[in-house]
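Below is structure-v3.txt, which holds compact mmCIF, C-alpha atoms.
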# COMPACT_ATOMS: atom_id res chain seq x y z
CA MET A 380 32.72 -22.36 -0.14
CA SER A 381 31.83 -18.75 -0.88
CA VAL A 382 28.86 -17.07 0.77
CA GLN A 383 25.71 -17.58 -1.26
CA LYS A 384 23.94 -14.46 -2.46
CA VAL A 385 20.19 -13.96 -2.25
CA LEU A 386 18.17 -11.15 -3.79
CA ILE A 387 14.85 -10.29 -2.12
CA VAL A 388 12.29 -8.57 -4.33
CA GLU A 389 9.56 -7.41 -1.97
CA ASP A 390 7.80 -4.08 -1.50
CA ASP A 391 6.77 -4.40 2.14
CA GLU A 392 9.77 -2.93 3.88
CA TRP A 393 9.08 -4.51 7.27
CA LEU A 394 8.72 -7.92 5.70
CA VAL A 395 12.04 -7.32 3.94
CA GLU A 396 13.58 -6.54 7.33
CA GLN A 397 12.19 -9.81 8.64
CA TYR A 398 13.55 -11.84 5.70
CA MET A 399 16.94 -10.11 6.09
CA ARG A 400 17.00 -11.00 9.78
CA VAL A 401 16.40 -14.67 9.03
CA LEU A 402 18.70 -14.99 6.02
CA SER A 403 21.59 -12.95 7.40
CA SER A 404 21.66 -15.03 10.56
CA ALA A 405 21.68 -18.15 8.37
CA GLY A 406 24.83 -16.83 6.71
CA TYR A 407 23.52 -15.62 3.36
CA ASN A 408 24.64 -12.40 1.71
CA VAL A 409 21.35 -10.60 1.14
CA VAL A 410 20.31 -7.59 -0.94
CA SER A 411 16.76 -6.31 -1.33
CA VAL A 412 14.85 -4.22 -3.85
CA SER A 413 11.22 -3.14 -3.86
CA ASN A 414 10.19 -3.40 -7.51
CA ALA A 415 10.78 -5.34 -10.70
CA LEU A 416 12.74 -2.60 -12.45
CA SER A 417 15.24 -2.29 -9.60
CA ALA A 418 15.41 -6.09 -9.50
CA ILE A 419 16.74 -6.26 -13.05
CA GLN A 420 19.50 -3.81 -12.21
CA ALA A 421 20.27 -5.60 -8.94
CA ILE A 422 20.50 -8.96 -10.70
CA ASP A 423 23.11 -7.49 -13.06
CA ASP A 424 25.10 -5.88 -10.26
CA PHE A 425 24.73 -8.43 -7.47
CA GLN A 426 24.49 -11.65 -9.51
CA PRO A 427 22.44 -13.54 -6.93
CA ASP A 428 22.48 -17.31 -6.55
CA ALA A 429 18.74 -17.27 -5.80
CA ILE A 430 15.87 -14.81 -5.82
CA ILE A 431 13.02 -14.53 -3.32
CA LEU A 432 10.19 -12.84 -5.16
CA ASP A 433 6.87 -11.38 -4.05
CA MET A 434 4.08 -12.06 -6.51
CA LEU A 435 2.21 -8.77 -6.03
CA LEU A 436 4.91 -6.23 -6.64
CA THR A 437 4.64 -2.49 -6.90
CA GLY A 438 5.14 -1.35 -10.49
CA SER A 439 5.61 -4.19 -12.95
CA THR A 440 4.27 -7.46 -11.70
CA ALA A 441 6.43 -10.42 -10.77
CA LEU A 442 5.26 -12.16 -13.93
CA ALA A 443 6.80 -9.45 -16.09
CA LEU A 444 10.06 -9.90 -14.20
CA LEU A 445 9.91 -13.69 -14.64
CA HIS A 446 9.43 -13.23 -18.39
CA GLU A 447 12.36 -10.83 -18.53
CA LEU A 448 14.67 -13.18 -16.63
CA GLN A 449 13.81 -16.06 -18.93
CA SER A 450 14.85 -13.96 -21.93
CA TYR A 451 18.54 -14.30 -21.04
CA GLY A 452 20.58 -17.43 -20.59
CA ASP A 453 22.44 -16.29 -17.49
CA THR A 454 19.41 -14.96 -15.58
CA GLY A 455 17.05 -17.70 -16.71
CA ILE A 456 18.91 -20.28 -14.61
CA ILE A 457 18.67 -18.41 -11.29
CA PRO A 458 16.32 -20.37 -9.00
CA ILE A 459 13.35 -18.36 -7.84
CA ILE A 460 11.32 -18.83 -4.69
CA LEU A 461 7.94 -17.15 -4.88
CA CYS A 462 6.72 -15.76 -1.57
CA THR A 463 3.13 -14.69 -1.83
CA ASN A 464 -0.24 -14.11 -0.17
CA ILE A 465 -1.99 -15.68 -3.14
CA ALA A 466 -0.25 -19.06 -3.10
CA ASN A 467 -3.58 -20.86 -3.31
CA GLU A 468 -4.38 -19.07 -6.57
CA ILE A 469 -1.23 -20.01 -8.47
CA SER A 470 0.32 -23.28 -9.54
CA LEU A 471 3.96 -24.27 -9.27
CA LYS A 472 3.55 -26.44 -12.36
CA ASN A 473 2.61 -23.39 -14.45
CA LEU A 474 5.47 -21.32 -13.09
CA ARG A 475 8.26 -23.89 -13.29
CA PRO A 476 9.09 -22.90 -16.89
CA TYR A 477 9.82 -19.43 -15.49
CA GLY A 478 12.43 -20.66 -13.05
CA VAL A 479 10.13 -20.80 -10.03
CA MET A 480 11.33 -23.72 -7.90
CA GLN A 481 9.15 -23.25 -4.85
CA ILE A 482 6.11 -21.29 -3.74
CA ILE A 483 5.86 -20.20 -0.11
CA ASP A 484 2.50 -19.09 1.25
CA LYS A 485 3.14 -15.93 3.29
CA THR A 486 0.05 -16.55 5.37
CA LYS A 487 1.30 -19.93 6.55
CA MET A 488 5.08 -19.67 6.45
CA LYS A 489 7.37 -19.94 9.43
CA PRO A 490 10.53 -17.83 9.57
CA ASP A 491 12.74 -20.85 8.88
CA ASP A 492 10.82 -21.78 5.72
CA LEU A 493 12.95 -19.34 3.75
CA THR A 494 16.22 -21.02 4.64
CA VAL A 495 14.74 -24.49 4.14
CA ALA A 496 13.57 -23.46 0.66
CA LEU A 497 16.94 -21.93 -0.20
CA ARG A 498 18.79 -25.04 0.90
CA SER A 499 16.58 -27.13 -1.33
CA VAL A 500 17.18 -25.03 -4.45
CA LEU A 501 20.84 -24.13 -3.98
CA PRO A 502 23.76 -26.58 -4.25
CA MET B 974 -0.87 15.80 -15.17
CA SER B 975 -4.28 14.15 -15.39
CA ALA B 976 -7.07 13.65 -12.92
CA VAL B 977 -10.16 11.55 -12.45
CA VAL B 978 -12.99 12.15 -10.05
CA GLY B 979 -15.66 9.67 -9.06
CA GLU B 980 -19.00 9.66 -7.34
CA HIS B 981 -19.64 6.83 -4.97
CA GLU B 982 -23.18 6.03 -6.11
CA GLN B 983 -21.79 5.23 -9.53
CA PHE B 984 -20.11 2.18 -8.17
CA MET B 985 -22.24 1.26 -5.20
CA ASP B 986 -23.30 -2.38 -5.05
CA GLY B 987 -20.75 -3.36 -7.66
CA PRO B 988 -17.82 -5.65 -7.15
CA LEU B 989 -14.89 -3.92 -5.54
CA SER B 990 -12.22 -4.86 -7.96
CA ASP B 991 -11.67 -7.26 -10.80
CA GLY B 992 -14.91 -9.01 -10.09
CA LEU B 993 -14.13 -9.63 -6.44
CA PRO B 994 -17.01 -9.32 -4.03
CA SER B 995 -16.41 -6.95 -1.14
CA PHE B 996 -15.67 -9.54 1.54
CA VAL B 997 -12.99 -11.13 -0.63
CA ALA B 998 -11.40 -7.73 -1.22
CA ALA B 999 -11.48 -7.06 2.53
CA ALA B 1000 -9.95 -10.44 3.29
CA HIS B 1001 -7.25 -9.88 0.69
CA GLU B 1002 -6.43 -6.45 2.09
CA LEU B 1003 -6.07 -7.85 5.60
CA LYS B 1004 -3.79 -10.70 4.58
CA SER B 1005 -0.62 -8.61 4.30
CA PRO B 1006 -0.69 -7.02 7.76
CA LEU B 1007 -1.79 -10.26 9.43
CA ALA B 1008 0.91 -12.27 7.66
CA LEU B 1009 3.53 -9.75 8.80
CA ILE B 1010 2.29 -9.78 12.40
CA ARG B 1011 2.43 -13.57 12.36
CA GLN B 1012 5.98 -13.64 10.99
CA LEU B 1013 7.24 -11.18 13.57
CA SER B 1014 5.50 -12.98 16.43
CA LEU B 1015 6.93 -16.35 15.42
CA MET B 1016 10.37 -14.80 15.16
CA LEU B 1017 10.06 -13.31 18.64
CA GLU B 1018 8.97 -16.66 20.06
CA ASP B 1019 11.78 -18.72 18.62
CA SER B 1020 14.92 -16.69 18.29
CA ASP B 1021 17.63 -15.06 20.29
CA ILE B 1022 17.10 -11.46 19.36
CA ASN B 1023 18.70 -8.54 21.14
CA SER B 1024 16.45 -6.25 23.13
CA SER B 1025 16.58 -3.25 20.80
CA GLU B 1026 15.62 -5.45 17.87
CA GLN B 1027 12.84 -6.97 19.97
CA GLN B 1028 11.54 -3.49 20.74
CA ARG B 1029 11.56 -2.59 17.06
CA MET B 1030 9.69 -5.78 16.15
CA LEU B 1031 7.11 -5.22 18.87
CA ARG B 1032 6.61 -1.66 17.63
CA GLN B 1033 6.12 -2.98 14.09
CA ILE B 1034 3.58 -5.49 15.38
CA SER B 1035 1.56 -2.85 17.20
CA LEU B 1036 1.62 -0.38 14.29
CA THR B 1037 0.74 -3.08 11.76
CA SER B 1038 -2.13 -4.20 14.01
CA GLU B 1039 -3.36 -0.60 14.17
CA ARG B 1040 -3.36 -0.42 10.37
CA ALA B 1041 -5.37 -3.63 10.11
CA LEU B 1042 -7.77 -2.40 12.79
CA ARG B 1043 -8.22 0.92 10.99
CA LEU B 1044 -9.27 -0.98 7.90
CA THR B 1045 -11.77 -3.13 9.76
CA SER B 1046 -13.12 -0.09 11.59
CA ASP B 1047 -13.50 1.83 8.30
CA LEU B 1048 -15.19 -1.17 6.74
CA THR B 1049 -17.67 -1.50 9.60
CA ARG B 1050 -18.32 2.22 9.48
CA SER B 1051 -18.93 2.11 5.73
CA ILE B 1052 -21.37 -0.80 6.00
CA ARG B 1053 -23.37 1.08 8.64
CA LEU B 1054 -23.41 4.39 6.82
CA SER B 1055 -27.05 4.14 5.89
CA ASP B 1056 -28.10 3.38 9.48
CA ALA B 1057 -26.61 6.45 11.04
CA LEU B 1058 -26.97 10.20 10.89
CA PHE B 1059 -23.80 12.10 10.22
CA THR B 1060 -23.61 15.65 11.44
CA LEU B 1061 -22.08 17.95 8.89
CA GLU B 1062 -20.41 20.95 10.45
CA PRO B 1063 -17.95 23.69 9.48
CA ILE B 1064 -14.44 22.32 9.90
CA ASP B 1065 -11.05 23.96 9.65
CA PRO B 1066 -9.22 21.43 7.42
CA GLN B 1067 -5.80 22.73 8.44
CA GLN B 1068 -6.49 22.03 12.10
CA LEU B 1069 -7.91 18.62 11.28
CA CYS B 1070 -4.87 17.71 9.18
CA LYS B 1071 -2.47 18.89 11.88
CA GLY B 1072 -4.16 16.49 14.29
CA ILE B 1073 -3.93 13.64 11.79
CA ILE B 1074 -0.23 14.31 11.17
CA ASN B 1075 0.34 14.30 14.90
CA ASP B 1076 -1.45 10.97 15.28
CA LEU B 1077 0.37 9.38 12.34
CA ALA B 1078 3.82 10.63 13.40
CA PRO B 1079 4.83 7.41 15.23
CA LEU B 1080 3.95 5.30 12.17
CA PHE B 1081 5.84 7.58 9.81
CA ASP B 1082 8.82 7.77 12.20
CA VAL B 1083 9.21 4.00 12.27
CA HIS B 1084 9.20 3.99 8.47
CA ASN B 1085 11.70 6.87 8.39
CA ARG B 1086 9.23 8.91 6.39
CA GLU B 1087 7.90 12.40 6.85
CA ILE B 1088 4.42 13.78 6.37
CA LYS B 1089 3.72 17.49 6.46
CA LEU B 1090 0.98 19.98 5.90
CA VAL B 1091 1.53 22.63 3.24
CA SER B 1092 0.79 25.80 5.16
CA ARG B 1093 -1.73 28.38 3.99
CA LYS B 1094 -1.91 32.07 4.80
CA HIS B 1095 -5.68 32.28 4.74
CA PRO B 1096 -7.80 29.88 6.73
CA LEU B 1097 -10.55 27.92 5.01
CA LEU B 1098 -13.64 26.20 6.32
CA LEU B 1099 -15.45 23.30 4.73
CA ILE B 1100 -18.64 21.39 5.47
CA ALA B 1101 -17.99 17.81 6.53
CA ASN B 1102 -18.35 15.19 9.18
CA ARG B 1103 -15.20 15.31 11.25
CA ASP B 1104 -14.92 11.55 11.77
CA LEU B 1105 -15.51 10.61 8.13
CA LEU B 1106 -13.16 13.27 6.77
CA ARG B 1107 -10.49 12.18 9.21
CA ARG B 1108 -10.83 8.58 8.04
CA ILE B 1109 -10.49 9.63 4.39
CA ILE B 1110 -7.30 11.62 5.00
CA ILE B 1111 -5.78 8.86 7.15
CA ASN B 1112 -6.60 6.38 4.39
CA PHE B 1113 -4.89 8.53 1.75
CA SER B 1114 -1.90 9.12 4.06
CA ASP B 1115 -1.51 5.44 4.86
CA ASN B 1116 -1.68 4.65 1.16
CA ALA B 1117 0.98 7.31 0.48
CA LEU B 1118 3.22 5.89 3.20
CA ARG B 1119 3.04 2.41 1.74
CA TYR B 1120 3.83 3.46 -1.80
CA THR B 1121 6.25 6.35 -1.44
CA GLU B 1122 9.68 5.17 -2.47
CA SER B 1123 11.76 8.33 -2.26
CA ASN B 1124 12.78 10.41 0.73
CA ASN B 1125 10.42 13.20 -0.27
CA ALA B 1126 7.98 14.15 2.46
CA ILE B 1127 4.37 13.23 1.81
CA LYS B 1128 2.40 16.45 1.65
CA ILE B 1129 -1.16 17.26 2.62
CA ASN B 1130 -2.43 20.27 0.77
CA VAL B 1131 -5.59 22.31 1.33
CA ALA B 1132 -6.80 24.41 -1.60
CA GLN B 1133 -9.80 26.38 -2.78
CA LEU B 1134 -11.45 25.51 -6.10
CA ASN B 1135 -14.41 26.57 -8.17
CA SER B 1136 -14.35 30.24 -7.10
CA GLY B 1137 -14.12 29.25 -3.47
CA ASN B 1138 -17.15 26.96 -3.49
CA VAL B 1139 -15.10 23.80 -3.08
CA VAL B 1140 -12.24 22.94 -0.75
CA ARG B 1141 -9.84 20.23 -1.88
CA LEU B 1142 -7.72 18.20 0.53
CA GLY B 1143 -5.03 16.33 -1.35
CA VAL B 1144 -2.35 13.89 -0.21
CA ARG B 1145 0.66 13.90 -2.51
CA ASP B 1146 2.78 10.77 -2.63
CA TYR B 1147 5.94 9.81 -4.49
CA GLY B 1148 5.11 6.24 -5.34
CA PRO B 1149 5.01 4.50 -8.70
CA SER B 1150 3.24 6.72 -11.16
CA LEU B 1151 -0.09 5.57 -12.53
CA SER B 1152 0.25 4.90 -16.22
CA SER B 1153 -2.10 6.68 -18.60
CA ASP B 1154 -3.72 3.33 -19.34
CA VAL B 1155 -4.37 2.74 -15.66
CA LEU B 1156 -5.70 6.28 -15.27
CA LYS B 1157 -7.98 5.82 -18.27
CA SER B 1158 -9.19 2.50 -16.91
CA LEU B 1159 -9.68 4.16 -13.52
CA ALA B 1160 -11.84 6.85 -15.11
CA THR B 1161 -13.83 4.28 -17.08
CA LYS B 1162 -14.39 2.17 -14.02
CA ILE B 1163 -15.44 5.13 -11.88
CA MET B 1164 -17.83 6.46 -14.49
CA GLY B 1165 -18.96 3.02 -15.54
CA GLY B 1166 -19.98 1.73 -12.17
CA THR B 1167 -17.07 -0.35 -10.87
CA PRO B 1168 -14.65 0.55 -8.12
CA PHE B 1169 -11.02 0.55 -8.96
CA ALA B 1170 -7.83 -1.22 -8.06
CA ILE B 1171 -4.66 0.72 -8.73
CA ASP B 1172 -2.78 -1.62 -10.99
CA ALA B 1173 0.57 0.03 -10.36
CA ARG B 1174 -0.07 -0.59 -6.66
CA PRO B 1175 -1.23 -4.16 -6.67
CA GLN B 1176 -1.17 -4.77 -2.93
CA SER B 1177 -4.17 -2.49 -2.84
CA SER B 1178 -7.45 -4.10 -3.84
CA GLY B 1179 -8.96 -0.61 -4.04
CA LEU B 1180 -10.93 -1.28 -0.88
CA GLY B 1181 -9.54 1.75 0.96
CA LEU B 1182 -10.46 4.05 -1.92
CA TYR B 1183 -13.86 2.47 -2.20
CA ILE B 1184 -14.53 3.16 1.47
CA ALA B 1185 -13.15 6.69 1.14
CA SER B 1186 -15.51 7.32 -1.78
CA GLN B 1187 -18.45 6.13 0.33
CA PHE B 1188 -17.48 8.50 3.13
CA ALA B 1189 -17.05 11.40 0.69
CA ASP B 1190 -20.42 10.66 -0.84
CA ARG B 1191 -22.04 10.89 2.59
CA MET B 1192 -20.66 14.43 2.87
CA ASN B 1193 -21.75 15.41 -0.66
CA GLY B 1194 -18.14 15.26 -1.74
CA LYS B 1195 -16.06 13.39 -4.28
CA ILE B 1196 -12.69 11.72 -4.27
CA GLY B 1197 -10.26 11.60 -7.17
CA VAL B 1198 -6.66 11.17 -8.17
CA ILE B 1199 -4.16 13.32 -10.04
CA ARG B 1200 -1.25 11.62 -11.75
CA HIS B 1201 2.20 13.22 -11.55
CA HIS B 1202 5.37 12.04 -13.25
CA ASP B 1203 6.73 10.92 -9.89
CA GLY B 1204 3.64 9.88 -7.95
CA SER B 1205 0.03 10.75 -7.36
CA THR B 1206 -2.24 13.05 -5.40
CA PHE B 1207 -5.36 11.45 -3.98
CA PHE B 1208 -7.87 14.12 -3.04
CA VAL B 1209 -11.33 14.75 -1.63
CA ASP B 1210 -13.40 17.72 -2.76
CA LEU B 1211 -15.93 19.08 -0.29
CA GLN B 1212 -18.30 22.00 -0.15
CA ALA B 1213 -16.78 25.18 1.30
CA SER B 1214 -18.41 26.76 4.33
CA ARG B 1215 -19.53 30.37 4.00
CA GLN B 1216 -19.19 30.95 7.72
CA LEU B 1217 -15.87 32.78 7.41
CA SER B 1218 -17.21 35.19 4.83
CA LEU B 1219 -19.97 36.22 7.23
CA LEU B 1220 -17.48 37.42 9.82

Could you write out this file's structure as structure tokens?
Amino acid sequence: MSVQKVLIVEDDEWLVEQYMRVLSSAGYNVVSVSNALSAIQAIDDFQPDAIILDMLLTGSTALALLHELQSYGDTGIIPIILCTNIANEISLKNLRPYGVMQIIDKTKMKPDDLTVALRSVLP
Amino acid sequence: MSAVVGEHEQFMDGPLSDGLPSFVAAAHELKSPLALIRQLSLMLEDSDINSSEQQRMLRQISLTSERALRLTSDLTRSIRLSDALFTLEPIDPQQLCKGIINDLAPLFDVHNREIKLVSRKHPLLLIANRDLLRRIIINFSDNALRYTESNNAIKINVAQLNSGNVVRLGVRDYGPSLSSDVLKSLATKIMGGTPFAIDARPQSSGLGLYIASQFADRMNGKIGVIRHHDGSTFFVDLQASRQLSLL
């Protein structure tokens, strides 16, 4: 089985480092970008199997990116895990149509939660 | 290039941003550093991490804690502004900024970023409270650090305006540019009585700028922002001191 690819879209560079640490040691091939615009390019180039997305992004918001991804057949099927500080203000039910499979609350998450979430959304 | 300037009293007592009361904005602002500290601590507890990586994580924890503490300290200071007397004195802004750059160097080093003072031939003096002015410039610098995406050094610039009556200290960043809509909304909010969140920089609730505007107001100054195609300059304008001209 080939190594699964994960794109992190997060603008806090130390948090990205932390996610990379966890996911790389779990065997994922990980790339990160800090804003929605770079994410679109990275999705084209890297073709991730899953995306870990911060809700409060610098530049365009995550919602704009979710809309954009849903506009295309190939990107609309990529499972998205939302990692956010405002988990209690958003609903998974409302975001499911945008490919969001799980929401992780950054203020409560444990390091392993990322890999657990990825295992549940990836084959 | 466009700029907006605000006076603190125009948005005193109002919600901080998007209808949020101040304590919610403060709580929101503190979530990010606390969540990061928690993640790093949990990682250190549970995993086999080599010693150099451990050192880096511990450094990140201490610097992130300092950032959170700065915010709480600024917030406390801003709430108690009306209870205290603030001595205004002639200050050499270049010297002050050199000290700030020195103090922030470890934080910028860990982020692989650079901050520098644009040097001036002729010294200037302004009238301010040293502690409050220092807090404003650190706030702008911290904001610039968080949002600068390129390798360009963040620059602190000291300039004379208004025929030498005003001294402007500006911190130039290279983050996402504020759109004209955001700038217009910023101006409307400042003039209309509501503090502002920078929509292109959504992790900020605008709390830092709100506090900075309070501090500037205490020194008879104003803060503002200039939009560039590749970033922004957040600045504080303060009254120039005439002491040098008397020499």

Which residues of chain A are close to chain B, meaning at most 12 Å apart when you count only C-alpha atoms, and how do they look as number ranges by chain?
-> A: 389-398, 400-401, 404, 412-417, 433-441, 462-466, 484-493

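Using all atoms listed in the file, the shortest contact distance between Asp1047 in chain B and any of B:Gln1187, B:Ser1136, B:Asn1130, B:Asn1102 is found at B:Gln1187.
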
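Computed from the coordinates, the CA of Gly1204 in chain B to CA of Ile1127 in chain B distance equals 10.3 Å.
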
Mind pulling up the distance from CA of Gln1027 in chain B to CA of Tyr407 in chain A?
-> 21.6 Å

Protein, DNA and RNA residues within 6 Å of (-15.6, 20.9, 8.6), all atoms listed in the file, as a PyMOL selection string | chain B and resi 1062-1065+1099-1101

Contact residues around Met480 in chain A with all atoms listed in the file at 10 Å, ignoring same-chain residues under 6 positions, as an MDAnalysis selection string | chainID A and resid 457:461 471:472 474 496:497 499:500

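Separating CA of Pro1079 in chain B from CA of Asp1115 in chain B is a distance of 12.3 Å.
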
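Closest approach to Asp428 in chain A from the set A:Val409, A:Val479, A:Val495, A:Val388 is made by A:Val409, with distances taken over all atoms listed in the file.
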
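Distances here use only C-alpha atoms; by that measure, the residue among A:Ile387, A:Met399, A:Leu444, A:Ala405 closest to Arg498 in chain A is A:Ala405.
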
Residues at most 10 Å from Ile456 in chain A, counting all atoms listed in the file, excluding those fewer than 4 positions away in the same chain, as an mmCIF file with C-alpha atoms, keeping the file's coordinate frame?
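Result saved to selection34.cif:
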data_model
loop_
_atom_site.group_PDB
_atom_site.id
_atom_site.type_symbol
_atom_site.label_atom_id
_atom_site.label_comp_id
_atom_site.auth_asym_id
_atom_site.auth_seq_id
_atom_site.Cartn_x
_atom_site.Cartn_y
_atom_site.Cartn_z
ATOM 1 C CA ASP A 428 22.480 -17.310 -6.550
ATOM 2 C CA ALA A 429 18.740 -17.270 -5.800
ATOM 3 C CA LEU A 448 14.670 -13.180 -16.630
ATOM 4 C CA GLN A 449 13.810 -16.060 -18.930
ATOM 5 C CA TYR A 451 18.540 -14.300 -21.040
ATOM 6 C CA GLY A 452 20.580 -17.430 -20.590
ATOM 7 C CA TYR A 477 9.820 -19.430 -15.490
ATOM 8 C CA GLY A 478 12.430 -20.660 -13.050
ATOM 9 C CA VAL A 479 10.130 -20.800 -10.030
#

Spatial neighbours of Phe1113 in chain B, 8 Å, all atoms listed in the file, chain gap at least 4 places, as a ChimeraX atom specification = /B:1109,1117,1144,1207-1208

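Shortest separation to Met1192 in chain B among B:Lys1128, B:Arg1145, B:Arg1103, B:Arg1040 occurs at residue B:Arg1103, atoms counted being all atoms listed in the file.
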
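Of the listed residues (B:Ile1088, B:Ile1052, B:Ala1213, B:Val1198), B:Ile1088 comes nearest to Ser1114 in chain B; the distances count all atoms listed in the file.
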
Which residues, protein or nucleic acid, reach to within 7 Å of (-8.4, 6.2, 1.1) in the file's coordinates when using all atoms listed in the file, and can you give that as an NGL selection string?
-> :B and (1109-1110 or 1112-1113 or 1116 or 1181-1182 or 1184-1185)

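Shortest separation to Glu1087 in chain B among B:Leu1142, B:Ile1129, B:Leu1069, B:Leu1211 occurs at residue B:Ile1129, atoms counted being all atoms listed in the file.
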